Every structure is written in structure tokens, then in C-alpha cells.
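This is entry02.cif (mmCIF, C-alpha atoms).
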```
data_data
#
loop_
_atom_site.group_PDB
_atom_site.id
_atom_site.type_symbol
_atom_site.label_atom_id
_atom_site.label_comp_id
_atom_site.auth_asym_id
_atom_site.auth_seq_id
_atom_site.Cartn_x
_atom_site.Cartn_y
_atom_site.Cartn_z
ATOM 1 C CA MET M 1 129.208 -13.622 -24.173
ATOM 2 C CA ALA M 2 129.035 -12.728 -27.878
ATOM 3 C CA ALA M 3 130.076 -9.210 -28.811
ATOM 4 C CA LYS M 4 127.264 -6.842 -29.729
ATOM 5 C CA PRO M 5 127.129 -6.246 -33.516
ATOM 6 C CA ALA M 6 128.614 -2.928 -34.593
ATOM 7 C CA GLY M 7 126.113 -0.116 -34.722
ATOM 8 C CA TYR M 8 125.724 2.209 -37.670
ATOM 9 C CA LYS M 9 123.548 5.003 -38.936
ATOM 10 C CA LEU M 10 122.192 5.216 -42.468
ATOM 11 C CA ALA M 11 122.560 8.601 -44.140
ATOM 12 C CA THR M 12 122.609 10.432 -47.449
ATOM 13 C CA TYR M 13 125.687 12.567 -47.977
ATOM 14 C CA LYS M 14 126.849 15.021 -50.614
ATOM 15 C CA SER M 15 129.619 13.654 -52.847
ATOM 16 C CA SER M 16 131.293 14.783 -56.057
ATOM 17 C CA ALA M 17 129.052 12.279 -57.851
ATOM 18 C CA GLY M 18 125.891 13.668 -56.239
ATOM 19 C CA PRO M 19 123.866 12.380 -53.261
ATOM 20 C CA ARG M 20 125.038 8.938 -52.072
ATOM 21 C CA ALA M 21 123.940 6.578 -49.329
ATOM 22 C CA GLY M 22 126.440 6.477 -46.506
ATOM 23 C CA LEU M 23 127.082 4.328 -43.458
ATOM 24 C CA ILE M 24 128.154 6.276 -40.410
ATOM 25 C CA VAL M 25 130.313 4.098 -38.183
ATOM 26 C CA GLY M 26 131.667 5.941 -35.174
ATOM 27 C CA ASP M 27 132.820 9.330 -36.428
ATOM 28 C CA GLU M 28 133.500 8.207 -40.009
ATOM 29 C CA VAL M 29 131.327 8.047 -43.134
ATOM 30 C CA PHE M 30 131.639 5.220 -45.665
ATOM 31 C CA ASP M 31 129.988 4.902 -49.053
ATOM 32 C CA ALA M 32 127.311 2.269 -48.390
ATOM 33 C CA ALA M 33 127.409 0.656 -51.829
ATOM 34 C CA LYS M 34 131.197 0.331 -51.821
ATOM 35 C CA LEU M 35 131.499 -0.862 -48.234
ATOM 36 C CA ALA M 36 128.749 -3.468 -48.659
ATOM 37 C CA GLY M 37 129.790 -4.432 -52.194
ATOM 38 C CA ARG M 38 126.288 -3.805 -53.568
ATOM 39 C CA ALA M 39 125.921 -1.282 -56.408
ATOM 40 C CA GLY M 40 122.194 -1.024 -55.719
ATOM 41 C CA TYR M 41 122.906 0.448 -52.296
ATOM 42 C CA ALA M 42 124.025 3.767 -53.774
ATOM 43 C CA THR M 43 120.819 5.381 -52.470
ATOM 44 C CA VAL M 44 118.917 4.941 -49.240
ATOM 45 C CA MET M 45 115.800 4.087 -51.240
ATOM 46 C CA GLY M 46 117.776 1.321 -52.970
ATOM 47 C CA ILE M 47 118.796 -0.035 -49.580
ATOM 48 C CA LEU M 48 115.253 0.085 -48.195
ATOM 49 C CA ALA M 49 113.924 -1.726 -51.268
ATOM 50 C CA ASP M 50 116.193 -4.642 -50.252
ATOM 51 C CA TRP M 51 115.900 -4.146 -46.492
ATOM 52 C CA LYS M 52 115.357 -7.811 -45.581
ATOM 53 C CA ALA M 53 118.849 -8.609 -46.899
ATOM 54 C CA ALA M 54 120.381 -5.152 -46.479
ATOM 55 C CA GLU M 55 119.906 -5.010 -42.720
ATOM 56 C CA GLY M 56 122.285 -7.920 -42.132
ATOM 57 C CA LEU M 57 124.695 -6.971 -44.909
ATOM 58 C CA LEU M 58 125.097 -3.429 -43.624
ATOM 59 C CA ARG M 59 125.550 -4.644 -40.059
ATOM 60 C CA LYS M 60 128.313 -6.995 -41.230
ATOM 61 C CA ALA M 61 129.912 -4.243 -43.308
ATOM 62 C CA ALA M 62 129.855 -1.891 -40.313
ATOM 63 C CA SER M 63 131.504 -4.562 -38.155
ATOM 64 C CA GLY M 64 134.420 -4.772 -40.571
ATOM 65 C CA ALA M 65 134.595 -1.085 -41.443
ATOM 66 C CA ALA M 66 137.580 -0.298 -39.218
ATOM 67 C CA LYS M 67 139.781 -2.859 -40.996
ATOM 68 C CA SER M 68 138.316 -2.233 -44.437
ATOM 69 C CA ARG M 69 140.318 -0.585 -47.213
ATOM 70 C CA ALA M 70 137.170 1.282 -48.262
ATOM 71 C CA LYS M 71 137.523 5.037 -48.522
ATOM 72 C CA ARG M 72 136.180 6.964 -45.575
ATOM 73 C CA GLN M 73 135.822 10.580 -44.532
ATOM 74 C CA PRO M 74 135.327 12.343 -41.192
ATOM 75 C CA LEU M 75 131.705 12.874 -40.239
ATOM 76 C CA ALA M 76 132.571 16.395 -39.071
ATOM 77 C CA LYS M 77 133.643 17.311 -42.632
ATOM 78 C CA THR M 78 130.763 15.573 -44.431
ATOM 79 C CA LYS M 79 127.699 17.411 -45.720
ATOM 80 C CA LEU M 80 124.689 15.350 -44.711
ATOM 81 C CA LEU M 81 121.485 15.649 -46.712
ATOM 82 C CA ALA M 82 118.005 14.505 -45.724
ATOM 83 C CA PRO M 83 118.363 10.715 -45.416
ATOM 84 C CA LEU M 84 115.338 10.156 -47.661
ATOM 85 C CA ARG M 85 115.181 12.343 -50.745
ATOM 86 C CA PHE M 86 111.864 11.478 -52.423
ATOM 87 C CA PRO M 87 109.730 9.063 -50.387
ATOM 88 C CA SER M 88 106.554 7.912 -52.081
ATOM 89 C CA ALA M 89 104.485 9.113 -49.121
ATOM 90 C CA ILE M 90 104.852 11.168 -45.956
ATOM 91 C CA TYR M 91 102.027 10.371 -43.523
ATOM 92 C CA CYS M 92 101.640 12.759 -40.586
ATOM 93 C CA ALA M 93 99.641 11.915 -37.474
ATOM 94 C CA GLY M 94 97.240 14.623 -36.354
ATOM 95 C CA ALA M 95 96.726 15.561 -32.681
ATOM 96 C CA ASN M 96 98.479 12.458 -31.360
ATOM 97 C CA TYR M 97 99.581 13.719 -27.931
ATOM 98 C CA ALA M 98 96.849 14.519 -25.401
ATOM 99 C CA ASP M 99 98.654 17.606 -24.079
ATOM 100 C CA HIS M 100 99.029 19.011 -27.602
ATOM 101 C CA ALA M 101 95.377 18.303 -28.424
ATOM 102 C CA ALA M 102 94.431 20.127 -25.214
ATOM 103 C CA GLU M 103 96.593 23.181 -25.954
ATOM 104 C CA MET M 104 95.150 23.505 -29.457
ATOM 105 C CA ALA M 105 91.593 23.126 -28.104
ATOM 106 C CA ALA M 106 92.297 25.832 -25.518
ATOM 107 C CA ARG M 107 93.456 28.106 -28.337
ATOM 108 C CA GLU M 108 89.916 27.856 -29.740
ATOM 109 C CA GLY M 109 88.310 28.267 -26.305
ATOM 110 C CA ASN M 110 87.303 24.601 -26.087
ATOM 111 C CA PRO M 111 87.796 22.021 -23.300
ATOM 112 C CA PRO M 112 90.380 19.237 -23.698
ATOM 113 C CA PRO M 113 89.066 16.561 -26.044
ATOM 114 C CA PRO M 114 88.436 13.041 -24.693
ATOM 115 C CA ASP M 115 90.740 10.136 -25.456
ATOM 116 C CA PRO M 116 89.650 9.082 -28.962
ATOM 117 C CA HIS M 117 89.984 5.424 -27.940
ATOM 118 C CA THR M 118 86.955 5.895 -25.665
ATOM 119 C CA LEU M 119 84.934 7.078 -28.662
ATOM 120 C CA GLY M 120 86.012 4.205 -30.882
ATOM 121 C CA HIS M 121 88.074 6.501 -33.105
ATOM 122 C CA LYS M 122 91.198 5.485 -35.033
ATOM 123 C CA ALA M 123 94.422 7.378 -35.676
ATOM 124 C CA TRP M 124 94.124 9.897 -38.501
ATOM 125 C CA HIS M 125 96.789 11.324 -40.785
ATOM 126 C CA PHE M 126 97.358 14.013 -43.392
ATOM 127 C CA LEU M 127 99.966 14.035 -46.152
ATOM 128 C CA LYS M 128 103.009 16.106 -46.954
ATOM 129 C CA ALA M 129 104.493 16.139 -50.451
ATOM 130 C CA ALA M 130 108.024 14.828 -51.035
ATOM 131 C CA GLY M 131 109.075 18.369 -51.969
ATOM 132 C CA ALA M 132 108.499 19.389 -48.350
ATOM 133 C CA ILE M 133 111.645 17.561 -47.223
ATOM 134 C CA THR M 134 114.683 19.698 -46.496
ATOM 135 C CA ASP M 135 118.222 18.937 -45.359
ATOM 136 C CA PRO M 136 119.793 19.127 -41.910
ATOM 137 C CA GLY M 137 121.391 22.531 -41.457
ATOM 138 C CA ALA M 138 119.543 24.063 -44.409
ATOM 139 C CA ALA M 139 117.902 27.468 -44.235
ATOM 140 C CA VAL M 140 114.116 27.276 -44.507
ATOM 141 C CA LYS M 141 112.584 30.279 -46.240
ATOM 142 C CA ILE M 142 109.514 31.268 -44.260
ATOM 143 C CA SER M 143 109.388 35.083 -44.221
ATOM 144 C CA THR M 144 107.593 35.424 -47.563
ATOM 145 C CA TYR M 145 105.218 32.518 -46.977
ATOM 146 C CA ALA M 146 103.610 32.884 -43.557
ATOM 147 C CA LYS M 147 103.561 35.172 -40.530
ATOM 148 C CA ASN M 148 102.574 32.450 -38.062
ATOM 149 C CA MET M 149 105.146 29.736 -38.715
ATOM 150 C CA ASP M 150 105.188 27.038 -36.042
ATOM 151 C CA TRP M 151 107.518 24.217 -34.966
ATOM 152 C CA GLU M 152 106.608 20.574 -34.227
ATOM 153 C CA ILE M 153 109.119 17.899 -33.238
ATOM 154 C CA GLU M 154 108.133 14.392 -34.375
ATOM 155 C CA LEU M 155 109.578 10.899 -34.294
ATOM 156 C CA ALA M 156 109.595 9.680 -37.912
ATOM 157 C CA ALA M 157 109.382 5.967 -38.718
ATOM 158 C CA VAL M 158 110.816 4.681 -42.005
ATOM 159 C CA ILE M 159 109.005 1.734 -43.552
ATOM 160 C CA GLY M 160 111.263 -1.112 -44.741
ATOM 161 C CA ARG M 161 108.788 -3.760 -45.933
ATOM 162 C CA THR M 162 105.808 -3.703 -48.279
ATOM 163 C CA GLY M 163 102.620 -4.421 -46.385
ATOM 164 C CA LYS M 164 98.844 -4.091 -46.430
ATOM 165 C CA ASP M 165 96.274 -4.760 -43.691
ATOM 166 C CA ILE M 166 99.097 -5.119 -41.161
ATOM 167 C CA PRO M 167 97.951 -6.288 -37.720
ATOM 168 C CA GLN M 168 99.064 -4.201 -34.773
ATOM 169 C CA ASP M 169 101.064 -6.992 -33.161
ATOM 170 C CA LYS M 170 103.249 -7.313 -36.260
ATOM 171 C CA ALA M 171 103.390 -3.651 -37.251
ATOM 172 C CA LEU M 172 106.827 -2.728 -35.879
ATOM 173 C CA ALA M 173 108.442 -5.518 -37.930
ATOM 174 C CA TYR M 174 107.710 -3.350 -40.996
ATOM 175 C CA VAL M 175 109.827 -0.453 -39.689
ATOM 176 C CA ALA M 176 113.405 -0.215 -40.976
ATOM 177 C CA GLY M 177 114.452 2.634 -38.723
ATOM 178 C CA TYR M 178 113.793 6.015 -37.181
ATOM 179 C CA THR M 179 114.784 9.612 -37.779
ATOM 180 C CA ILE M 180 113.788 13.127 -36.658
ATOM 181 C CA ALA M 181 111.310 15.414 -38.405
ATOM 182 C CA ASN M 182 110.132 18.982 -37.858
ATOM 183 C CA ASP M 183 106.547 19.309 -39.084
ATOM 184 C CA LEU M 184 106.697 23.042 -39.772
ATOM 185 C CA SER M 185 103.184 24.468 -39.883
ATOM 186 C CA ALA M 186 101.973 27.732 -41.415
ATOM 187 C CA ARG M 187 99.138 28.406 -38.961
ATOM 188 C CA ASP M 188 97.866 31.488 -40.802
ATOM 189 C CA ARG M 189 97.570 29.547 -44.078
ATOM 190 C CA GLY M 190 95.373 26.814 -42.605
ATOM 191 C CA ARG M 191 92.026 28.586 -42.883
ATOM 192 C CA ARG M 192 90.668 29.708 -46.231
ATOM 193 C CA ALA M 193 89.629 33.349 -46.189
ATOM 194 C CA GLY M 194 86.018 34.100 -47.065
ATOM 195 C CA VAL M 195 84.814 30.580 -46.286
ATOM 196 C CA PRO M 196 82.408 30.199 -43.311
ATOM 197 C CA ASP M 197 83.928 28.539 -40.223
ATOM 198 C CA ALA M 198 81.221 25.859 -40.289
ATOM 199 C CA SER M 199 82.029 24.883 -43.871
ATOM 200 C CA PRO M 200 83.748 21.502 -44.404
ATOM 201 C CA PHE M 201 85.924 23.320 -46.938
ATOM 202 C CA LYS M 202 87.278 25.883 -44.479
ATOM 203 C CA TRP M 203 90.606 24.127 -43.890
ATOM 204 C CA ASP M 204 93.478 24.147 -46.358
ATOM 205 C CA TRP M 205 95.849 21.406 -45.173
ATOM 206 C CA THR M 206 98.074 21.729 -48.222
ATOM 207 C CA LYS M 207 99.058 25.358 -47.661
ATOM 208 C CA HIS M 208 99.116 24.811 -43.918
ATOM 209 C CA LYS M 209 101.421 21.795 -43.912
ATOM 210 C CA THR M 210 103.124 20.954 -47.186
ATOM 211 C CA PHE M 211 104.901 24.048 -48.465
ATOM 212 C CA GLU M 212 108.485 23.736 -49.705
ATOM 213 C CA GLY M 213 110.896 23.167 -46.830
ATOM 214 C CA SER M 214 108.153 22.257 -44.338
ATOM 215 C CA CYS M 215 109.702 18.911 -43.389
ATOM 216 C CA PRO M 216 113.300 19.192 -42.155
ATOM 217 C CA LEU M 217 114.457 15.590 -41.807
ATOM 218 C CA GLY M 218 117.491 13.797 -40.435
ATOM 219 C CA PRO M 219 120.280 13.854 -39.765
ATOM 220 C CA TRP M 220 120.297 10.066 -40.365
ATOM 221 C CA ILE M 221 118.253 6.904 -39.905
ATOM 222 C CA VAL M 222 118.963 4.701 -36.902
ATOM 223 C CA PRO M 223 118.006 1.046 -37.567
ATOM 224 C CA ALA M 224 114.939 -0.105 -35.652
ATOM 225 C CA SER M 225 116.951 -2.924 -34.072
ATOM 226 C CA ASP M 226 119.143 -0.303 -32.370
ATOM 227 C CA ILE M 227 116.164 1.657 -31.048
ATOM 228 C CA GLY M 228 114.041 -1.095 -29.558
ATOM 229 C CA ASN M 229 110.760 0.276 -28.217
ATOM 230 C CA PRO M 230 109.807 3.475 -30.110
ATOM 231 C CA GLN M 231 107.345 4.351 -27.334
ATOM 232 C CA LYS M 232 110.078 5.101 -24.795
ATOM 233 C CA LEU M 233 112.084 7.936 -26.366
ATOM 234 C CA GLY M 234 112.631 11.394 -24.931
ATOM 235 C CA LEU M 235 112.240 14.320 -27.321
ATOM 236 C CA LYS M 236 113.024 18.020 -26.997
ATOM 237 C CA LEU M 237 112.907 21.130 -29.183
ATOM 238 C CA TRP M 238 114.611 24.486 -28.665
ATOM 239 C CA VAL M 239 114.173 27.825 -30.447
ATOM 240 C CA ASN M 240 117.277 30.017 -30.160
ATOM 241 C CA GLY M 241 118.430 27.889 -27.237
ATOM 242 C CA VAL M 242 115.145 28.188 -25.302
ATOM 243 C CA LEU M 243 113.433 24.863 -24.557
ATOM 244 C CA LYS M 244 109.911 24.800 -26.023
ATOM 245 C CA GLN M 245 108.948 21.119 -26.196
ATOM 246 C CA ASP M 246 110.020 18.465 -23.689
ATOM 247 C CA SER M 247 108.196 15.144 -23.738
ATOM 248 C CA ASN M 248 108.414 11.414 -24.362
ATOM 249 C CA THR M 249 106.963 9.196 -27.074
ATOM 250 C CA SER M 250 105.275 7.193 -24.289
ATOM 251 C CA ASP M 251 102.741 10.042 -24.197
ATOM 252 C CA MET M 252 101.391 9.353 -27.700
ATOM 253 C CA ILE M 253 97.642 8.735 -27.901
ATOM 254 C CA PHE M 254 97.961 6.206 -30.719
ATOM 255 C CA THR M 255 101.173 4.169 -30.698
ATOM 256 C CA LEU M 256 103.188 3.725 -33.867
ATOM 257 C CA ALA M 257 101.889 0.150 -34.128
ATOM 258 C CA GLU M 258 98.302 1.437 -34.010
ATOM 259 C CA GLN M 259 99.133 4.012 -36.675
ATOM 260 C CA ILE M 260 100.655 1.424 -39.006
ATOM 261 C CA GLU M 261 97.636 -0.836 -38.568
ATOM 262 C CA GLN M 262 95.273 2.016 -39.441
ATOM 263 C CA LEU M 263 97.319 3.396 -42.363
ATOM 264 C CA SER M 264 97.719 -0.038 -43.947
ATOM 265 C CA ALA M 265 94.028 -0.884 -43.698
ATOM 266 C CA GLY M 266 93.006 -1.246 -47.340
ATOM 267 C CA MET M 267 96.190 0.510 -48.515
ATOM 268 C CA THR M 268 99.727 -0.699 -49.172
ATOM 269 C CA LEU M 269 102.706 0.789 -47.362
ATOM 270 C CA TYR M 270 105.988 0.714 -49.280
ATOM 271 C CA PRO M 271 109.685 0.772 -48.349
ATOM 272 C CA GLY M 272 110.750 4.364 -47.876
ATOM 273 C CA ASP M 273 107.346 5.622 -46.763
ATOM 274 C CA LEU M 274 107.620 7.976 -43.799
ATOM 275 C CA ILE M 275 105.273 8.130 -40.821
ATOM 276 C CA LEU M 276 105.516 11.264 -38.676
ATOM 277 C CA THR M 277 103.992 10.168 -35.391
ATOM 278 C CA GLY M 278 102.700 13.441 -33.923
ATOM 279 C CA THR M 279 103.988 16.253 -31.720
ATOM 280 C CA PRO M 280 103.601 16.996 -27.981
ATOM 281 C CA ALA M 281 102.578 20.231 -26.291
ATOM 282 C CA GLY M 282 104.768 23.313 -26.481
ATOM 283 C CA VAL M 283 104.124 24.430 -30.059
ATOM 284 C CA GLY M 284 104.106 28.117 -30.893
ATOM 285 C CA ALA M 285 100.358 28.353 -31.448
ATOM 286 C CA GLY M 286 99.711 27.403 -27.837
ATOM 287 C CA ARG M 287 102.091 30.123 -26.652
ATOM 288 C CA GLY M 288 101.199 32.863 -29.134
ATOM 289 C CA GLU M 289 104.796 32.696 -30.429
ATOM 290 C CA PHE M 290 105.910 32.072 -33.986
ATOM 291 C CA LEU M 291 109.154 31.682 -35.898
ATOM 292 C CA LYS M 292 110.836 34.556 -37.695
ATOM 293 C CA ALA M 293 113.793 34.887 -40.037
ATOM 294 C CA GLY M 294 117.054 34.221 -38.218
ATOM 295 C CA ASP M 295 115.600 31.843 -35.633
ATOM 296 C CA VAL M 296 117.460 28.572 -35.080
ATOM 297 C CA VAL M 297 115.380 25.486 -34.291
ATOM 298 C CA LYS M 298 117.122 22.467 -32.746
ATOM 299 C CA LEU M 299 115.457 19.086 -32.211
ATOM 300 C CA TRP M 300 116.694 16.107 -30.200
ATOM 301 C CA ILE M 301 115.327 12.582 -29.891
ATOM 302 C CA GLU M 302 116.851 10.052 -27.540
ATOM 303 C CA ASN M 303 119.078 7.425 -29.193
ATOM 304 C CA ILE M 304 118.828 9.205 -32.564
ATOM 305 C CA GLY M 305 120.567 12.564 -32.331
ATOM 306 C CA GLU M 306 119.988 16.224 -33.199
ATOM 307 C CA LEU M 307 118.521 18.095 -36.159
ATOM 308 C CA GLU M 308 118.993 21.835 -36.579
ATOM 309 C CA ASN M 309 117.752 24.375 -39.138
ATOM 310 C CA ARG M 310 117.735 28.145 -39.437
ATOM 311 C CA MET M 311 114.713 30.113 -40.586
ATOM 312 C CA ALA M 312 115.218 32.653 -43.375
#
```

Would you write the structure of this file as C-alpha cells?
Amino acid sequence: MAAKPAGYKLATYKSSAGPRAGLIVGDEVFDAAKLAGRAGYATVMGILADWKAAEGLLRKAASGAAKSRAKRQPLAKTKLLAPLRFPSAIYCAGANYADHAAEMAAREGNPPPPDPHTLGHKAWHFLKAAGAITDPGAAVKISTYAKNMDWEIELAAVIGRTGKDIPQDKALAYVAGYTIANDLSARDRGRRAGVPDASPFKWDWTKHKTFEGSCPLGPWIVPASDIGNPQKLGLKLWVNGVLKQDSNTSDMIFTLAEQIEQLSAGMTLYPGDLILTGTPAGVGAGRGEFLKAGDVVKLWIENIGELENRMA
């Protein structure tokens, strides 16, 4: 039986020369460009732009990393940054777990909404700006921005191929890998004061969702080939060690493939685009609890790892 190809994780790490793309093999970090012998692989975006070739090259480089003369450093002593620094787009799925949709409806005194499939509806998304991304372990300043700051664990898919009008049965072939995102949400900034509730202009999604630091991301990207089915991953979130969200991506309303099909309809997806696939029940709004300065939020997704940030 042939040996399984060496696994690796794709990261961005802090170096004396600035942010660099790194390959994490075991408990060591290698400079991706130097290990693979490709100068263009100095950034994760550079790697994703060449993903068709890069996937195999990086796998081969990881297989030979142990015997390589390439410089390496311990993962434990490496400062990891958000794996993607400035993606061209961050698409975020809205209300994509039935239990979360139900808890948010209950907050407004409404019954659980029906499965949108039965109504002929498609997945819908909002956008975050690239400036929303923040690093693993970074402090997120929330105390001067919002009083009702909420947490939302989400599986994030990283696009690795340019595509438009992508059919659902081919959609996952466009995914390079997966990482973890926290879609921090300023609940008290979502409604515009002085605007009637019935007005279509009542909601302010920008202030609600895309303030600076509102998208902690990382700690690395796991290649899609090492994940397999993205609809069978456990996910959990803790605040100060107390479990708040505990679910599985199998509970999504719209699968990632459905989301990619809908997003790419009449619009091109590009390498490096991020798709945040929605959050399950257990958010603060459903509990009447919100984050405060000093709180530590830890996220875990099966086969990917952990992401932790402190609120400030």
C-alpha cells in the first residue's frame, strides 16, 4: 500500500522580512517559497493564484521537509498571523443553521422560520471588508464600539480557482482549503436609530458586521484534500472556558456547494475569496449575553484546529 502523502497546513507567519507564507509540517514552520523553490509563493495569495500547480508542489515539499536543508522554526515559537491578509471578498452566509434562525426569530417573538428550500429560496450572503480580518491571538477592541458584541463560529472556505456560474456538483473542486472564522457581530449597531422598523433602510449591515477586527481568522488553512466532506465537521465555541456553541456542519441549511453555486451565479469568484458558511445556535443574542473587555473566545473545528482571541 502506498504511503499517504505528508500533510501540511498553510499559514502566514511574522518574519523579520514581514508577513510570509509558511508551511506547517508537524510542529515545525518552513518558509513556503524557499521550501517549494518558488519565489511567488512568498504570500498565501501568491500560492492560491497558482493553486492548480501549488497544491501538488507544496505536498511534495512537505513530504521532503524532514530531510530538507531549508531553515525551519518551532511552531510554538512562531507568531502566526491571519492566513489571508487582504482577500478580495469575504462572503458571509446569513441564517444558515435552522437552530440559529429559530433562536433569532424567538428573540423577536416570532415562530421558527420554515426551511427556505420549501419556499424556493436560495442562500443569501452579506459582505465583510478585508479590514475586518484580525490575527489569531490578537486583542479585539470592542469596548468603545458596541455594548452588545456577539460571537459566531463559522467554517470558512478558501477559494482556489477562478469560476463563474459554477454548478453545485462541481463546486467543491473550487475550494483550496478551510479555516476558522469568528463573525463578531455588534448587535446594537445593526438597527439605525430614528428609522421606522418597517423601513427597508432600517438595517445597517456595515456597522453591524464589518467593523475593524470583526473577523478573527485562522490559525491556518487546511487543504481541502485533507478535510474531505466539509459537511461533516464538529464545531465548538467557548467564552472564558464555558461552552456556548456545540454543533456540526451537517446541520447547515444550505451546504457549501449550494452557497458556491448561488454566489457564482452571474459573478466571478477568485482565488483567495473567503466564504463564511454560517453559525449554529448558541450565540449571545439568543441568551441575552454579550462579550465584554477581558473575555477570551476560543473556537474549535474538527480536523482544523483552534482559534482564540481576547476582547479589549

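Compared by their closest atoms to M:Gly288, and using only C-alpha atoms, the residues M:Trp203, M:Lys209, M:Arg107, M:Tyr145 rank with M:Arg107 nearest.
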
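Using only C-alpha atoms, the shortest contact distance between M:Gln262 and any of M:His121, M:Lys60, M:Lys232, M:Lys14 is found at M:His121.
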
Next on the checklist: Applying 10 Å and only C-alpha atoms, which residues near M:Gly7 remain after dropping the ones on its own chain fewer than 3 positions away? List them as a PyMOL selection string.
Outcome noted: chain M and resi 4+23-26+58-60+62-63+222-223+225-226

Next on the checklist: Translate the PyMOL selection byres ((chain M and resi 152) around 9) into a concrete residue list for this structure, as a VMD selection string.
Outcome noted: chain M and resid 150 to 151 153 to 154 181 to 185 237 245 278 to 284

Just write the chosen residues, C-alpha atoms, as a tab-separated table (two decimals), in the coordinates of the input.
```tsv
chain	number	residue	atom	x	y	z
M	150	ASP	CA	105.19	27.04	-36.04
M	151	TRP	CA	107.52	24.22	-34.97
M	153	ILE	CA	109.12	17.90	-33.24
M	154	GLU	CA	108.13	14.39	-34.38
M	181	ALA	CA	111.31	15.41	-38.40
M	182	ASN	CA	110.13	18.98	-37.86
M	183	ASP	CA	106.55	19.31	-39.08
M	184	LEU	CA	106.70	23.04	-39.77
M	185	SER	CA	103.18	24.47	-39.88
M	237	LEU	CA	112.91	21.13	-29.18
M	245	GLN	CA	108.95	21.12	-26.20
M	278	GLY	CA	102.70	13.44	-33.92
M	279	THR	CA	103.99	16.25	-31.72
M	280	PRO	CA	103.60	17.00	-27.98
M	281	ALA	CA	102.58	20.23	-26.29
M	282	GLY	CA	104.77	23.31	-26.48
M	283	VAL	CA	104.12	24.43	-30.06
M	284	GLY	CA	104.11	28.12	-30.89
```

What are the closest atom pairs, with distances in Å to one decimal, for all residues of stretch 214-264 of chain M lying within 12 Å of stretch 85-89 of chain M? Consider only C-alpha atoms, order rows by chain and residue number, and present the result as a tab-separated table.
```
residue	atom	partner	partner_atom	distance
M:Cys215	CA	M:Arg85	CA	11.3
M:Pro216	CA	M:Arg85	CA	11.1
M:Leu217	CA	M:Arg85	CA	9.5
M:Gly218	CA	M:Arg85	CA	10.7
M:Trp220	CA	M:Arg85	CA	11.8
M:Leu263	CA	M:Ala89	CA	11.4
```

Checklist entry - What does the PyMOL selection byres ((chain M and resi 131-134) around 9) select in this file, as a ChimeraX atom specification? => result /M:81-82,84-86,128-130,135-140,209-218

Selection in question (the file shown): the PyMOL selection byres ((chain M and resi 249-255) around 8). Which residues does it include, as a PDB file with C-alpha atoms, in the frame of the given file?
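Done, and the output landed in result00.pdb:
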```pdb
ATOM      1  CA  ASN M  96      98.479  12.458 -31.360  1.00  0.00           C
ATOM      2  CA  TYR M  97      99.581  13.719 -27.931  1.00  0.00           C
ATOM      3  CA  ALA M  98      96.849  14.519 -25.401  1.00  0.00           C
ATOM      4  CA  ASP M 115      90.740  10.136 -25.456  1.00  0.00           C
ATOM      5  CA  ALA M 123      94.422   7.378 -35.676  1.00  0.00           C
ATOM      6  CA  LEU M 155     109.578  10.899 -34.294  1.00  0.00           C
ATOM      7  CA  PRO M 230     109.807   3.475 -30.110  1.00  0.00           C
ATOM      8  CA  GLN M 231     107.345   4.351 -27.334  1.00  0.00           C
ATOM      9  CA  LYS M 232     110.078   5.101 -24.795  1.00  0.00           C
ATOM     10  CA  LEU M 233     112.084   7.936 -26.366  1.00  0.00           C
ATOM     11  CA  GLY M 234     112.631  11.394 -24.931  1.00  0.00           C
ATOM     12  CA  LEU M 235     112.240  14.320 -27.321  1.00  0.00           C
ATOM     13  CA  SER M 247     108.196  15.144 -23.738  1.00  0.00           C
ATOM     14  CA  ASN M 248     108.414  11.414 -24.362  1.00  0.00           C
ATOM     15  CA  LEU M 256     103.188   3.725 -33.867  1.00  0.00           C
ATOM     16  CA  ALA M 257     101.889   0.150 -34.128  1.00  0.00           C
ATOM     17  CA  GLU M 258      98.302   1.437 -34.010  1.00  0.00           C
ATOM     18  CA  GLN M 259      99.133   4.012 -36.675  1.00  0.00           C
ATOM     19  CA  GLY M 278     102.700  13.441 -33.923  1.00  0.00           C
ATOM     20  CA  PRO M 280     103.601  16.996 -27.981  1.00  0.00           C
TER      21      PRO M 280
END
```

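Between M:Gly94 and the residues M:Lys77, M:Pro116, M:Tyr270, M:Arg287, the shortest atom-to-atom distance, using all atoms listed in the file, involves M:Pro116.
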
M:Lys170: which residues within 12 Å, counting only C-alpha atoms, same-chain residues fewer than 2 positions away excluded, as a compact mmCIF listing (two decimals) with C-alpha atoms, keeping the file's coordinate frame?
```
# COMPACT_ATOMS: atom_id res chain seq x y z
CA ARG M 161 108.79 -3.76 -45.93
CA GLY M 163 102.62 -4.42 -46.38
CA LYS M 164 98.84 -4.09 -46.43
CA ASP M 165 96.27 -4.76 -43.69
CA ILE M 166 99.10 -5.12 -41.16
CA PRO M 167 97.95 -6.29 -37.72
CA GLN M 168 99.06 -4.20 -34.77
CA LEU M 172 106.83 -2.73 -35.88
CA ALA M 173 108.44 -5.52 -37.93
CA TYR M 174 107.71 -3.35 -41.00
CA VAL M 175 109.83 -0.45 -39.69
CA LEU M 256 103.19 3.72 -33.87
CA ALA M 257 101.89 0.15 -34.13
CA GLU M 258 98.30 1.44 -34.01
CA ILE M 260 100.66 1.42 -39.01
CA GLU M 261 97.64 -0.84 -38.57
CA SER M 264 97.72 -0.04 -43.95
```

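Note that atom CA of M:Ala157 and atom CA of M:Ala65 are 26.3 Å apart.
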